[in-house]
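Text of input_39.cif, listed as mmCIF, C-alpha atoms and all ligand atoms:
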```cif
data_target
loop_
_atom_site.group_PDB
_atom_site.id
_atom_site.type_symbol
_atom_site.label_atom_id
_atom_site.label_comp_id
_atom_site.auth_asym_id
_atom_site.auth_seq_id
_atom_site.Cartn_x
_atom_site.Cartn_y
_atom_site.Cartn_z
ATOM 1 C CA MET A 1 122.620 96.475 55.407
ATOM 2 C CA THR A 2 119.382 96.036 57.311
ATOM 3 C CA THR A 3 118.238 97.830 60.428
ATOM 4 C CA ALA A 4 117.070 95.878 63.482
ATOM 5 C CA ALA A 5 113.447 96.668 62.647
ATOM 6 C CA GLN A 6 113.835 95.343 59.109
ATOM 7 C CA ALA A 7 115.309 92.111 60.419
ATOM 8 C CA TRP A 8 111.876 91.101 61.704
ATOM 9 C CA SER A 9 109.515 89.610 59.190
ATOM 10 C CA THR A 10 105.938 90.835 58.998
ATOM 11 C CA PRO A 11 103.883 89.163 61.734
ATOM 12 C CA VAL A 12 101.231 86.603 60.850
ATOM 13 C CA THR A 13 97.929 88.391 61.412
ATOM 14 C CA GLY A 14 95.084 87.012 63.466
ATOM 15 C CA SER A 15 91.600 87.737 64.698
ATOM 16 C CA LEU A 16 90.444 89.090 68.045
ATOM 17 C CA GLY A 17 86.894 89.832 66.891
ATOM 18 C CA VAL A 18 85.310 87.625 69.507
ATOM 19 C CA ARG A 19 82.918 88.109 72.405
ATOM 20 C CA TRP A 20 84.419 86.522 75.466
ATOM 21 C CA ASN A 21 82.210 84.634 77.885
ATOM 22 C CA ALA A 22 80.798 87.319 80.196
ATOM 23 C CA GLY A 23 79.880 85.000 83.058
ATOM 24 C CA ALA A 24 76.480 85.626 84.644
ATOM 25 C CA PRO A 25 74.795 87.519 87.495
ATOM 26 C CA ASP A 26 73.789 84.103 88.908
ATOM 27 C CA CYS A 27 76.248 81.429 87.742
ATOM 28 C CA ALA A 28 74.386 78.607 89.508
ATOM 29 C CA ALA A 29 71.208 79.419 87.608
ATOM 30 C CA THR A 30 73.002 79.902 84.267
ATOM 31 C CA PRO A 31 75.658 77.203 83.772
ATOM 32 C CA GLN A 32 78.519 78.308 81.506
ATOM 33 C CA PRO A 33 81.081 76.365 79.466
ATOM 34 C CA PRO A 34 84.191 76.582 81.685
ATOM 35 C CA LEU A 35 86.687 77.280 78.915
ATOM 36 C CA GLN A 36 86.402 79.315 75.725
ATOM 37 C CA VAL A 37 88.790 78.374 72.922
ATOM 38 C CA GLN A 38 89.537 80.954 70.254
ATOM 39 C CA ALA A 39 92.094 80.563 67.472
ATOM 40 C CA TYR A 40 93.846 83.895 66.894
ATOM 41 C CA GLU A 41 95.400 82.182 63.872
ATOM 42 C CA PRO A 42 95.795 78.430 63.277
ATOM 43 C CA GLN A 43 98.951 78.095 65.425
ATOM 44 C CA THR A 44 98.020 80.558 68.175
ATOM 45 C CA VAL A 45 95.110 79.733 70.446
ATOM 46 C CA ILE A 46 93.627 81.903 73.193
ATOM 47 C CA LEU A 47 91.873 80.087 76.048
ATOM 48 C CA ARG A 48 89.650 82.067 78.370
ATOM 49 C CA GLN A 49 88.351 80.700 81.649
ATOM 50 C CA SER A 50 84.738 81.632 82.331
ATOM 51 C CA PRO A 51 84.154 84.221 85.087
ATOM 52 C CA CYS A 52 81.683 81.656 86.469
ATOM 53 C CA ALA A 53 84.454 79.016 86.806
ATOM 54 C CA ASP A 54 86.581 81.528 88.710
ATOM 55 C CA PHE A 55 86.105 85.289 89.031
ATOM 56 C CA GLU A 56 89.727 85.816 87.883
ATOM 57 C CA ALA A 57 88.631 84.676 84.386
ATOM 58 C CA ASN A 58 92.210 84.171 83.220
ATOM 59 C CA PHE A 59 93.448 84.216 79.649
ATOM 60 C CA LEU A 60 95.915 81.467 78.693
ATOM 61 C CA TYR A 61 97.872 81.266 75.455
ATOM 62 C CA LEU A 62 98.892 78.228 73.419
ATOM 63 C CA LEU A 63 101.592 78.759 70.784
ATOM 64 C CA ILE A 64 102.283 75.865 68.431
ATOM 65 C CA GLY A 65 105.581 75.388 66.647
ATOM 66 C CA SER A 66 106.681 72.557 64.369
ATOM 67 C CA ASP A 67 108.630 70.700 67.125
ATOM 68 C CA ARG A 68 106.788 71.624 70.302
ATOM 69 C CA ALA A 69 104.113 73.850 71.777
ATOM 70 C CA LEU A 70 104.196 76.452 74.525
ATOM 71 C CA LEU A 71 101.404 77.149 77.006
ATOM 72 C CA ILE A 72 101.643 80.459 78.858
ATOM 73 C CA ASP A 73 99.846 80.096 82.244
ATOM 74 C CA THR A 74 97.458 77.377 83.395
ATOM 75 C CA GLY A 75 94.794 79.504 85.039
ATOM 76 C CA ALA A 76 92.896 79.582 88.286
ATOM 77 C CA VAL A 77 91.225 76.158 88.523
ATOM 78 C CA ALA A 78 92.993 72.912 89.458
ATOM 79 C CA ASP A 79 90.026 70.517 89.341
ATOM 80 C CA PRO A 80 89.802 68.893 85.868
ATOM 81 C CA ASP A 81 86.088 68.177 86.385
ATOM 82 C CA ARG A 82 85.393 71.899 86.741
ATOM 83 C CA MET A 83 88.002 73.027 84.179
ATOM 84 C CA PRO A 84 89.092 70.483 81.536
ATOM 85 C CA LEU A 85 92.272 72.396 80.695
ATOM 86 C CA ALA A 86 94.801 69.595 80.096
ATOM 87 C CA LYS A 87 92.337 67.625 77.973
ATOM 88 C CA THR A 88 91.453 70.700 75.898
ATOM 89 C CA VAL A 89 95.097 71.656 75.358
ATOM 90 C CA LEU A 90 96.171 68.106 74.431
ATOM 91 C CA ASP A 91 93.287 67.889 71.950
ATOM 92 C CA LEU A 92 94.542 71.106 70.339
ATOM 93 C CA LEU A 93 98.101 69.804 69.897
ATOM 94 C CA PRO A 94 98.936 68.491 66.443
ATOM 95 C CA SER A 95 100.664 65.145 66.051
ATOM 96 C CA LYS A 96 104.113 64.584 64.627
ATOM 97 C CA ASP A 97 105.700 61.180 63.915
ATOM 98 C CA GLY A 98 102.689 59.456 65.441
ATOM 99 C CA ALA A 99 102.702 61.344 68.733
ATOM 100 C CA LYS A 100 101.333 64.622 70.074
ATOM 101 C CA LEU A 101 103.827 67.494 70.038
ATOM 102 C CA PRO A 102 105.655 67.903 73.362
ATOM 103 C CA LEU A 103 104.367 70.784 75.476
ATOM 104 C CA LEU A 104 106.322 73.279 77.564
ATOM 105 C CA ILE A 105 104.361 75.205 80.198
ATOM 106 C CA VAL A 106 105.675 78.570 81.379
ATOM 107 C CA HIS A 107 104.061 81.149 83.649
ATOM 108 C CA SER A 108 103.757 84.899 83.592
ATOM 109 C CA HIS A 109 104.219 84.708 87.383
ATOM 110 C CA GLY A 110 103.634 82.630 90.475
ATOM 111 C CA HIS A 111 100.213 83.878 91.621
ATOM 112 C CA ALA A 112 97.830 80.953 92.071
ATOM 113 C CA ASP A 113 95.403 82.074 89.339
ATOM 114 C CA HIS A 114 98.192 81.622 86.767
ATOM 115 C CA ARG A 115 99.453 78.199 87.828
ATOM 116 C CA ALA A 116 96.608 76.298 89.550
ATOM 117 C CA GLY A 117 96.064 74.221 86.392
ATOM 118 C CA ASP A 118 99.653 72.876 86.505
ATOM 119 C CA ALA A 119 98.359 69.948 88.574
ATOM 120 C CA GLN A 120 96.426 68.613 85.574
ATOM 121 C CA PHE A 121 99.620 68.291 83.515
ATOM 122 C CA ALA A 122 101.976 67.044 86.236
ATOM 123 C CA SER A 123 101.785 63.339 85.380
ATOM 124 C CA LEU A 124 101.815 63.719 81.578
ATOM 125 C CA PRO A 125 105.113 62.396 80.121
ATOM 126 C CA SER A 126 105.392 64.781 77.151
ATOM 127 C CA VAL A 127 104.806 67.918 79.234
ATOM 128 C CA ARG A 128 107.491 69.991 80.993
ATOM 129 C CA ILE A 129 106.402 72.576 83.533
ATOM 130 C CA ALA A 130 108.671 75.535 84.293
ATOM 131 C CA PRO A 131 109.032 76.574 87.946
ATOM 132 C CA THR A 132 107.152 79.718 88.986
ATOM 133 C CA GLU A 133 109.420 81.256 91.625
ATOM 134 C CA LEU A 134 112.877 82.836 91.594
ATOM 135 C CA PRO A 135 115.593 81.732 91.266
ATOM 136 C CA ASP A 136 114.336 78.445 89.734
ATOM 137 C CA ALA A 137 112.135 80.159 87.122
ATOM 138 C CA GLN A 138 115.007 82.339 85.906
ATOM 139 C CA THR A 139 117.469 79.426 85.862
ATOM 140 C CA PHE A 140 115.018 77.243 83.929
ATOM 141 C CA LEU A 141 114.709 79.775 81.110
ATOM 142 C CA GLY A 142 118.334 80.943 81.278
ATOM 143 C CA LEU A 143 117.713 84.499 82.452
ATOM 144 C CA GLY A 144 120.925 84.509 84.478
ATOM 145 C CA ASP A 145 121.331 88.274 84.762
ATOM 146 C CA TRP A 146 117.792 88.853 86.154
ATOM 147 C CA PRO A 147 116.050 91.212 85.561
ATOM 148 C CA ASN A 148 118.163 91.900 82.466
ATOM 149 C CA GLY A 149 118.618 89.775 79.392
ATOM 150 C CA VAL A 150 116.397 87.907 76.986
ATOM 151 C CA ALA A 151 115.706 84.150 77.012
ATOM 152 C CA ARG A 152 114.802 82.412 73.776
ATOM 153 C CA ILE A 153 112.384 79.482 73.576
ATOM 154 C CA ASP A 154 112.620 77.622 70.272
ATOM 155 C CA LEU A 155 109.407 75.844 69.243
ATOM 156 C CA GLY A 156 110.640 74.777 65.816
ATOM 157 C CA GLY A 157 110.172 77.409 63.100
ATOM 158 C CA ARG A 158 108.877 79.717 65.803
ATOM 159 C CA SER A 159 110.823 81.576 68.445
ATOM 160 C CA VAL A 160 109.398 83.067 71.627
ATOM 161 C CA GLU A 161 111.445 85.441 73.775
ATOM 162 C CA ALA A 162 111.041 85.933 77.527
ATOM 163 C CA ILE A 163 112.008 89.042 79.471
ATOM 164 C CA ALA A 164 111.769 89.796 83.182
ATOM 165 C CA THR A 165 108.932 92.174 84.128
ATOM 166 C CA PRO A 166 108.825 92.109 87.960
ATOM 167 C CA GLY A 167 106.893 94.695 89.999
ATOM 168 C CA HIS A 168 103.501 93.000 90.265
ATOM 169 C CA HIS A 169 105.237 89.812 91.433
ATOM 170 C CA PRO A 170 108.988 89.175 91.893
ATOM 171 C CA SER A 171 109.178 86.425 89.230
ATOM 172 C CA HIS A 172 106.941 88.093 86.629
ATOM 173 C CA MET A 173 107.951 87.520 82.995
ATOM 174 C CA SER A 174 106.475 88.608 79.687
ATOM 175 C CA PHE A 175 106.759 86.743 76.394
ATOM 176 C CA TYR A 176 107.163 88.004 72.835
ATOM 177 C CA ASP A 177 106.179 85.788 69.923
ATOM 178 C CA GLY A 178 108.146 86.518 66.759
ATOM 179 C CA ARG A 179 105.584 84.737 64.556
ATOM 180 C CA THR A 180 102.606 86.940 65.448
ATOM 181 C CA GLY A 181 104.209 90.004 67.049
ATOM 182 C CA LEU A 182 102.058 89.353 70.137
ATOM 183 C CA PHE A 183 103.460 90.411 73.514
ATOM 184 C CA PHE A 184 101.998 88.378 76.386
ATOM 185 C CA SER A 185 102.135 90.607 79.442
ATOM 186 C CA GLY A 186 100.387 88.586 82.191
ATOM 187 C CA ASP A 187 99.386 90.842 85.091
ATOM 188 C CA PHE A 188 102.164 93.346 84.322
ATOM 189 C CA LEU A 189 99.970 95.138 81.763
ATOM 190 C CA LEU A 190 96.267 94.392 81.229
ATOM 191 C CA PRO A 191 92.990 96.280 80.803
ATOM 192 C CA GLY A 192 92.193 96.376 84.511
ATOM 193 C CA ARG A 193 93.905 96.830 87.859
ATOM 194 C CA LEU A 194 97.703 96.778 87.798
ATOM 195 C CA LEU A 195 98.416 95.679 91.368
ATOM 196 C CA ILE A 196 101.776 97.147 92.334
ATOM 197 C CA ASP A 197 103.941 95.208 94.743
ATOM 198 C CA ASP A 198 107.249 97.006 94.033
ATOM 199 C CA ILE A 199 106.891 100.304 92.190
ATOM 200 C CA ASP A 200 110.591 100.759 91.384
ATOM 201 C CA ALA A 201 110.814 97.276 89.867
ATOM 202 C CA TYR A 202 107.531 97.930 88.002
ATOM 203 C CA ARG A 203 108.826 101.175 86.460
ATOM 204 C CA ASP A 204 112.109 99.505 85.462
ATOM 205 C CA SER A 205 110.130 96.654 83.885
ATOM 206 C CA ALA A 206 107.999 99.085 81.868
ATOM 207 C CA LEU A 207 111.140 100.825 80.581
ATOM 208 C CA ARG A 208 112.850 97.476 79.887
ATOM 209 C CA ALA A 209 109.822 96.136 77.985
ATOM 210 C CA ALA A 210 109.502 99.341 75.942
ATOM 211 C CA GLU A 211 113.195 99.171 75.046
ATOM 212 C CA PHE A 212 112.953 95.456 74.180
ATOM 213 C CA LEU A 213 109.947 96.030 71.899
ATOM 214 C CA LYS A 214 111.442 99.120 70.231
ATOM 215 C CA ALA A 215 112.984 97.114 67.393
ATOM 216 C CA ARG A 216 110.181 94.523 67.201
ATOM 217 C CA PRO A 217 106.806 94.726 65.495
ATOM 218 C CA VAL A 218 103.987 94.663 68.075
ATOM 219 C CA ALA A 219 100.605 93.492 66.814
ATOM 220 C CA HIS A 220 98.907 93.533 70.233
ATOM 221 C CA ILE A 221 99.714 93.301 73.917
ATOM 222 C CA LEU A 222 97.643 90.562 75.547
ATOM 223 C CA GLY A 223 97.410 90.316 79.346
ATOM 224 C CA GLY A 224 96.049 87.810 81.824
ATOM 225 C CA HIS A 225 92.637 89.366 82.618
ATOM 226 C CA ILE A 226 90.008 91.896 81.493
ATOM 227 C CA GLU A 227 88.607 93.932 84.389
ATOM 228 C CA LEU A 228 87.159 96.943 82.577
ATOM 229 C CA GLY A 229 83.870 97.375 80.760
ATOM 230 C CA LEU A 230 83.397 99.298 77.516
ATOM 231 C CA ASP A 231 82.178 102.242 79.600
ATOM 232 C CA GLY A 232 85.577 102.301 81.363
ATOM 233 C CA GLN A 233 84.181 101.091 84.694
ATOM 234 C CA ALA A 234 86.106 98.405 86.577
ATOM 235 C CA TYR A 235 84.106 95.358 87.602
ATOM 236 C CA PRO A 236 83.939 94.959 91.390
ATOM 237 C CA HIS A 237 86.620 92.674 92.808
ATOM 238 C CA GLY A 238 85.342 89.095 92.715
ATOM 239 C CA ALA A 239 82.622 89.810 90.115
ATOM 240 C CA GLN A 240 81.548 86.729 88.146
ATOM 241 C CA HIS A 241 79.629 88.837 85.651
ATOM 242 C CA HIS A 242 81.557 90.956 83.155
ATOM 243 C CA PRO A 243 78.870 92.641 81.048
ATOM 244 C CA ARG A 244 80.121 94.538 77.993
ATOM 245 C CA GLU A 245 83.816 93.805 78.487
ATOM 246 C CA ARG A 246 86.254 96.059 76.701
ATOM 247 C CA PRO A 247 88.621 94.310 74.246
ATOM 248 C CA LEU A 248 91.489 92.199 75.585
ATOM 249 C CA GLN A 249 94.203 93.787 73.500
ATOM 250 C CA LEU A 250 96.327 96.765 74.468
ATOM 251 C CA SER A 251 98.876 98.513 72.259
ATOM 252 C CA ARG A 252 102.475 99.656 72.364
ATOM 253 C CA GLN A 253 101.124 103.131 73.254
ATOM 254 C CA ASP A 254 99.609 101.730 76.459
ATOM 255 C CA LEU A 255 102.985 100.274 77.431
ATOM 256 C CA LEU A 256 104.750 103.538 76.590
ATOM 257 C CA ALA A 257 102.277 105.402 78.869
ATOM 258 C CA LEU A 258 103.126 103.151 81.818
ATOM 259 C CA PRO A 259 106.451 104.650 83.069
ATOM 260 C CA ALA A 260 105.015 108.180 83.343
ATOM 261 C CA ALA A 261 101.854 106.795 84.974
ATOM 262 C CA LEU A 262 103.999 105.008 87.564
ATOM 263 C CA ASP A 263 106.092 108.145 88.117
ATOM 264 C CA GLY A 264 102.955 110.145 88.934
ATOM 265 C CA PHE A 265 101.376 107.419 91.075
ATOM 266 C CA ASN A 266 100.152 108.582 94.483
ATOM 267 C CA GLY A 267 100.744 105.154 95.994
ATOM 268 C CA PHE A 268 97.038 104.280 96.331
ATOM 269 C CA TYR A 269 94.975 104.491 93.161
ATOM 270 C CA ALA A 270 95.212 106.170 89.767
ATOM 271 C CA ARG A 271 92.871 105.894 86.801
ATOM 272 C CA HIS A 272 94.268 105.866 83.266
ATOM 273 C CA PRO A 273 92.306 105.346 80.036
ATOM 274 C CA THR A 274 93.159 101.651 79.631
ATOM 275 C CA PHE A 275 94.376 100.584 83.086
ATOM 276 C CA ILE A 276 94.166 101.384 86.788
ATOM 277 C CA LEU A 277 97.202 101.628 89.055
ATOM 278 C CA SER A 278 96.463 100.208 92.448
ATOM 279 C CA ASN A 279 98.370 99.192 95.548
ATOM 280 C CA PRO A 280 96.444 96.355 97.184
ATOM 281 C CA VAL A 281 98.237 96.585 100.545
ATOM 282 C CA ARG A 282 97.851 100.344 100.840
ATOM 283 C CA ASP A 283 94.213 100.104 99.684
ATOM 284 C CA LEU A 284 93.547 97.666 102.522
ATOM 285 C CA LEU A 285 95.410 99.862 105.027
ATOM 286 C CA ALA A 286 93.407 102.905 103.872
ATOM 287 C CA ILE A 287 90.146 100.986 104.299
ATOM 288 C CA ALA A 288 91.260 99.737 107.730
ATOM 289 C CA ALA A 289 92.231 103.294 108.778
ATOM 290 C CA GLY A 290 88.815 104.564 107.601
ATOM 291 C CA VAL A 291 87.028 101.871 109.583
ATOM 292 C CA LEU A 292 89.061 102.743 112.712
ATOM 293 C CA VAL A 293 88.226 106.455 112.381
ATOM 294 C CA LEU A 294 84.508 105.633 111.982
ATOM 295 C CA LEU A 295 84.684 103.317 114.978
ATOM 296 C CA ALA A 296 86.394 105.976 117.102
ATOM 297 C CA LEU A 297 83.796 108.594 116.076
ATOM 298 C CA SER A 298 80.936 106.182 116.890
ATOM 299 C CA ILE A 299 82.370 105.389 120.339
ATOM 300 C CA TYR A 300 82.849 109.133 120.979
ATOM 301 C CA ALA A 301 79.237 109.848 119.935
ATOM 302 C CA VAL A 302 77.775 107.008 122.046
ATOM 303 C CA ARG A 303 79.809 108.024 125.123
ATOM 304 C CA GLY A 304 78.643 111.653 124.683
ATOM 305 C CA ALA A 305 74.990 110.581 124.423
ATOM 306 C CA LEU A 306 75.304 108.355 127.527
ATOM 307 C CA ARG A 307 76.963 111.163 129.475
ATOM 308 C CA ARG A 308 74.207 113.624 128.546
ATOM 309 C CA ARG A 309 71.541 111.074 129.543
ATOM 310 C CA ARG A 310 73.240 110.519 132.913
ATOM 311 C CA GLN A 311 73.453 114.265 133.502
ATOM 312 C CA ARG A 312 69.740 114.667 132.669
ATOM 313 C CA ALA A 313 68.838 111.776 134.987
ATOM 314 C CA GLN A 314 70.908 113.275 137.822
ATOM 315 C CA ALA A 315 69.291 116.711 137.255
ATOM 316 C CA THR A 316 65.736 115.260 137.516
ATOM 317 C CA THR A 317 66.479 113.242 140.702
ATOM 318 C CA ARG A 318 67.887 116.266 142.490
HETATM 319 ZN ZN ZN B 401 99.050 88.292 89.644
HETATM 320 ZN ZN ZN B 402 96.235 87.304 87.753
#
```
Would you give me this structure, written as structure tokens?
Amino acid sequence: MTTAAQAWSTPVTGSLGVRWNAGAPDCAATPQPPLQVQAYEPQTVILRQSPCADFEANFLYLLIGSDRALLIDTGAVADPDRMPLAKTVLDLLPSKDGAKLPLLIVHSHGHADHRAGDAQFASLPSVRIAPTELPDAQTFLGLGDWPNGVARIDLGGRSVEAIATPGHHPSHMSFYDGRTGLFFSGDFLLPGRLLIDDIDAYRDSALRAAEFLKARPVAHILGGHIELGLDGQAYPHGAQHHPRERPLQLSRQDLLALPAALDGFNGFYARHPTFILSNPVRDLLAIAAGVLVLLALSIYAVRGALRRRRQRAQATTR
């Protein structure tokens, strides 16, 4: 008899010892290659968009099986002249029976920085592109009991599983690769700002992902962005320069810390060692409220000064 954990074979190991393109303080003055291609192992390729091509600097993942390949996310740039994504991915695909392997494109979620590159693949005959929004995205993969259940994507000798991880975005999914033990977490879990749209769904997703991974070996958790430096500081929103980025990979421990972090969240901002919880709408409201208070205080101060001046003027004319 084998336990569930023993049923999984040892993951193929890979390398993450790479310096990602840090962008530049002045991208116009220092042109950058738009796309960095890094083989984690021969059949698993990480593509990183330069912060100079788009400040989101997305990570995309290409997993190659013996019958077809899977691309997770297409990044933030649609224009092939600025970001030769389709060409790069097709060049990476091996051939079988005289033709390139078919490609399936799936998305962690429907935010534009994860799907803008879809346009480059739309007219290619051997490429299928999964929808990004519910219910089409769930139907496409066969996640009928959303957000429960596991969908299986067979690449030929390599199986990738998809689970629902909404909370950042209603259609968010994460993907587990049985070959490498990599868990691709999109914007659900990354070394940077976790932008919370629905905190109850987010907490349920964290618990669901932890439960799903319990019986599976986890080599690394790889998200869609890096927004923290080695010193722990977050880069300003929109920054095209990421000096001294911290590593991309997170661990099972980081995922296991997420439910408690969400439970203790004050609804605005909370700093944790490897991620930041943030509510973009409430952040904006807080900033707007601060601006209104400052404005009201300024008007009060100006009116007071004018009144005093008038009183002084009246006193001297009497
Ligand atoms: Zn997002
Ligand atoms: Zn994103």
Of A:Leu63, A:Ile163, A:Ala130, A:Val218, the one nearest to Gly144 of chain A when counting only C-alpha atoms is A:Ile163
Find the residues of chain A that sit at most 6 Å from ligand ZN 402 (chain B); for each, write down the nearest two atoms and how far apart they are in Å, to one decimal. Count all atoms listed in the file. Sort by chain, then by number going up, and give it as CSV.
```
residue,atom,partner,partner_atom,distance
A:Asp113,CA,B:ZN402,ZN,5.5
A:Asp187,CA,B:ZN402,ZN,5.4
A:Gly224,CA,B:ZN402,ZN,6.0
```
Could you write out the selected residues, including C-alpha atoms, as a short mmCIF file (atom, residue, chain, number, x, y, z; two decimals), in the frame of the given file?
```cif
data_model
loop_
_atom_site.label_atom_id
_atom_site.label_comp_id
_atom_site.auth_asym_id
_atom_site.auth_seq_id
_atom_site.Cartn_x
_atom_site.Cartn_y
_atom_site.Cartn_z
CA ASP A 113 95.40 82.07 89.34
CA ASP A 187 99.39 90.84 85.09
CA GLY A 224 96.05 87.81 81.82
#
```
Which residues, named as in the file, does the PyMOL selection byres (((not hetatm)) within 8 of (chain B and resi 401)) pick out? Answer as a PDB file with C-alpha atoms, in the coordinates of the input.
```pdb
ATOM      1  CA  HIS A 109     104.219  84.708  87.383  1.00  0.00           C
ATOM      2  CA  GLY A 110     103.634  82.630  90.475  1.00  0.00           C
ATOM      3  CA  HIS A 111     100.213  83.878  91.621  1.00  0.00           C
ATOM      4  CA  ALA A 112      97.830  80.953  92.071  1.00  0.00           C
ATOM      5  CA  ASP A 113      95.403  82.074  89.339  1.00  0.00           C
ATOM      6  CA  HIS A 114      98.192  81.622  86.767  1.00  0.00           C
ATOM      7  CA  HIS A 168     103.501  93.000  90.265  1.00  0.00           C
ATOM      8  CA  HIS A 169     105.237  89.812  91.433  1.00  0.00           C
ATOM      9  CA  GLY A 186     100.387  88.586  82.191  1.00  0.00           C
ATOM     10  CA  ASP A 187      99.386  90.842  85.091  1.00  0.00           C
ATOM     11  CA  PHE A 188     102.164  93.346  84.322  1.00  0.00           C
ATOM     12  CA  LEU A 195      98.416  95.679  91.368  1.00  0.00           C
TER      13      LEU A 195
END
```
(request) Tell me, as a PyMOL selection string, which residues lie within 8 Å of Ile105 of chain A, counting only C-alpha atoms; anything in the same chain fewer than 2 positions away does not count. (result) chain A and resi 70-74+103+107+127-130
Nearest to Lys96 of chain A by atom-to-atom distance, counting only C-alpha atoms, from A:Glu211, A:Asp177, A:Asp54, A:Asp67
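Looking only at the distances to Lys96 of chain A, the closest residue turns out to be A:Asp67.
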Residue members of the PyMOL selection byres (((chain A and resi 238-255) around 9) and not hetatm) in the file shown, as a compact mmCIF listing (two decimals) with C-alpha atoms, in the coordinates of the input:
```
# COMPACT_ATOMS: atom_id res chain seq x y z
CA LEU A 16 90.44 89.09 68.04
CA GLY A 17 86.89 89.83 66.89
CA VAL A 18 85.31 87.62 69.51
CA ARG A 19 82.92 88.11 72.40
CA TRP A 20 84.42 86.52 75.47
CA ASN A 21 82.21 84.63 77.89
CA ALA A 22 80.80 87.32 80.20
CA GLY A 23 79.88 85.00 83.06
CA ALA A 24 76.48 85.63 84.64
CA PRO A 25 74.80 87.52 87.50
CA ASP A 26 73.79 84.10 88.91
CA CYS A 27 76.25 81.43 87.74
CA SER A 50 84.74 81.63 82.33
CA PRO A 51 84.15 84.22 85.09
CA CYS A 52 81.68 81.66 86.47
CA ALA A 53 84.45 79.02 86.81
CA ASP A 54 86.58 81.53 88.71
CA PHE A 55 86.10 85.29 89.03
CA GLU A 56 89.73 85.82 87.88
CA ALA A 57 88.63 84.68 84.39
CA LEU A 189 99.97 95.14 81.76
CA LEU A 190 96.27 94.39 81.23
CA PRO A 191 92.99 96.28 80.80
CA ALA A 206 108.00 99.08 81.87
CA LEU A 207 111.14 100.82 80.58
CA ALA A 209 109.82 96.14 77.98
CA ALA A 210 109.50 99.34 75.94
CA LEU A 213 109.95 96.03 71.90
CA VAL A 218 103.99 94.66 68.08
CA ALA A 219 100.60 93.49 66.81
CA HIS A 220 98.91 93.53 70.23
CA ILE A 221 99.71 93.30 73.92
CA LEU A 222 97.64 90.56 75.55
CA GLY A 223 97.41 90.32 79.35
CA GLY A 224 96.05 87.81 81.82
CA HIS A 225 92.64 89.37 82.62
CA ILE A 226 90.01 91.90 81.49
CA GLU A 227 88.61 93.93 84.39
CA LEU A 228 87.16 96.94 82.58
CA GLY A 229 83.87 97.38 80.76
CA LEU A 230 83.40 99.30 77.52
CA ASP A 231 82.18 102.24 79.60
CA GLY A 232 85.58 102.30 81.36
CA TYR A 235 84.11 95.36 87.60
CA PRO A 236 83.94 94.96 91.39
CA HIS A 237 86.62 92.67 92.81
CA LEU A 256 104.75 103.54 76.59
CA ALA A 257 102.28 105.40 78.87
CA LEU A 258 103.13 103.15 81.82
CA PRO A 259 106.45 104.65 83.07
CA PRO A 273 92.31 105.35 80.04
CA THR A 274 93.16 101.65 79.63
CA PHE A 275 94.38 100.58 83.09
```
Running the PyMOL selection byres (((chain A and resi 164) around 9) and not hetatm) on this model by hand, what would come out? Give it as an mmCIF file with C-alpha atoms, in the coordinates of the input.
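Contents of the output file part17.cif:
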```cif
data_model
loop_
_atom_site.group_PDB
_atom_site.id
_atom_site.type_symbol
_atom_site.label_atom_id
_atom_site.label_comp_id
_atom_site.auth_asym_id
_atom_site.auth_seq_id
_atom_site.Cartn_x
_atom_site.Cartn_y
_atom_site.Cartn_z
ATOM 1 C CA GLN A 138 115.007 82.339 85.906
ATOM 2 C CA LEU A 143 117.713 84.499 82.452
ATOM 3 C CA TRP A 146 117.792 88.853 86.154
ATOM 4 C CA PRO A 147 116.050 91.212 85.561
ATOM 5 C CA ASN A 148 118.163 91.900 82.466
ATOM 6 C CA GLY A 149 118.618 89.775 79.392
ATOM 7 C CA VAL A 150 116.397 87.907 76.986
ATOM 8 C CA ALA A 162 111.041 85.933 77.527
ATOM 9 C CA ILE A 163 112.008 89.042 79.471
ATOM 10 C CA THR A 165 108.932 92.174 84.128
ATOM 11 C CA PRO A 166 108.825 92.109 87.960
ATOM 12 C CA SER A 171 109.178 86.425 89.230
ATOM 13 C CA HIS A 172 106.941 88.093 86.629
ATOM 14 C CA MET A 173 107.951 87.520 82.995
ATOM 15 C CA SER A 174 106.475 88.608 79.687
ATOM 16 C CA PHE A 175 106.759 86.743 76.394
ATOM 17 C CA SER A 205 110.130 96.654 83.885
ATOM 18 C CA ARG A 208 112.850 97.476 79.887
ATOM 19 C CA ALA A 209 109.822 96.136 77.985
#
```
Check: Which protein, DNA or RNA residues have an atom at most 7 Å from (96.7, 76.5, 84.3), counting all atoms listed in the file? List them as a ChimeraX atom specification.
Finding: /A:73-77,114-118
Would you save the residues of that selection, restricted to C-alpha atoms, as a PDB file, keeping the file's coordinate frame?
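Below is the file that was written, part24.pdb:
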```
ATOM      1  CA  ASP A  73      99.846  80.096  82.244  1.00  0.00           C
ATOM      2  CA  THR A  74      97.458  77.377  83.395  1.00  0.00           C
ATOM      3  CA  GLY A  75      94.794  79.504  85.039  1.00  0.00           C
ATOM      4  CA  ALA A  76      92.896  79.582  88.286  1.00  0.00           C
ATOM      5  CA  VAL A  77      91.225  76.158  88.523  1.00  0.00           C
ATOM      6  CA  HIS A 114      98.192  81.622  86.767  1.00  0.00           C
ATOM      7  CA  ARG A 115      99.453  78.199  87.828  1.00  0.00           C
ATOM      8  CA  ALA A 116      96.608  76.298  89.550  1.00  0.00           C
ATOM      9  CA  GLY A 117      96.064  74.221  86.392  1.00  0.00           C
ATOM     10  CA  ASP A 118      99.653  72.876  86.505  1.00  0.00           C
TER      11      ASP A 118
END
```
Of A:Gln32, A:Gln120, A:Thr180, A:Thr132, the one nearest to Gly65 of chain A when counting all atoms listed in the file is A:Thr180
note - atom CA of Val89 of chain A and atom CA of Arg216 of chain A are separated by 28.6 Å
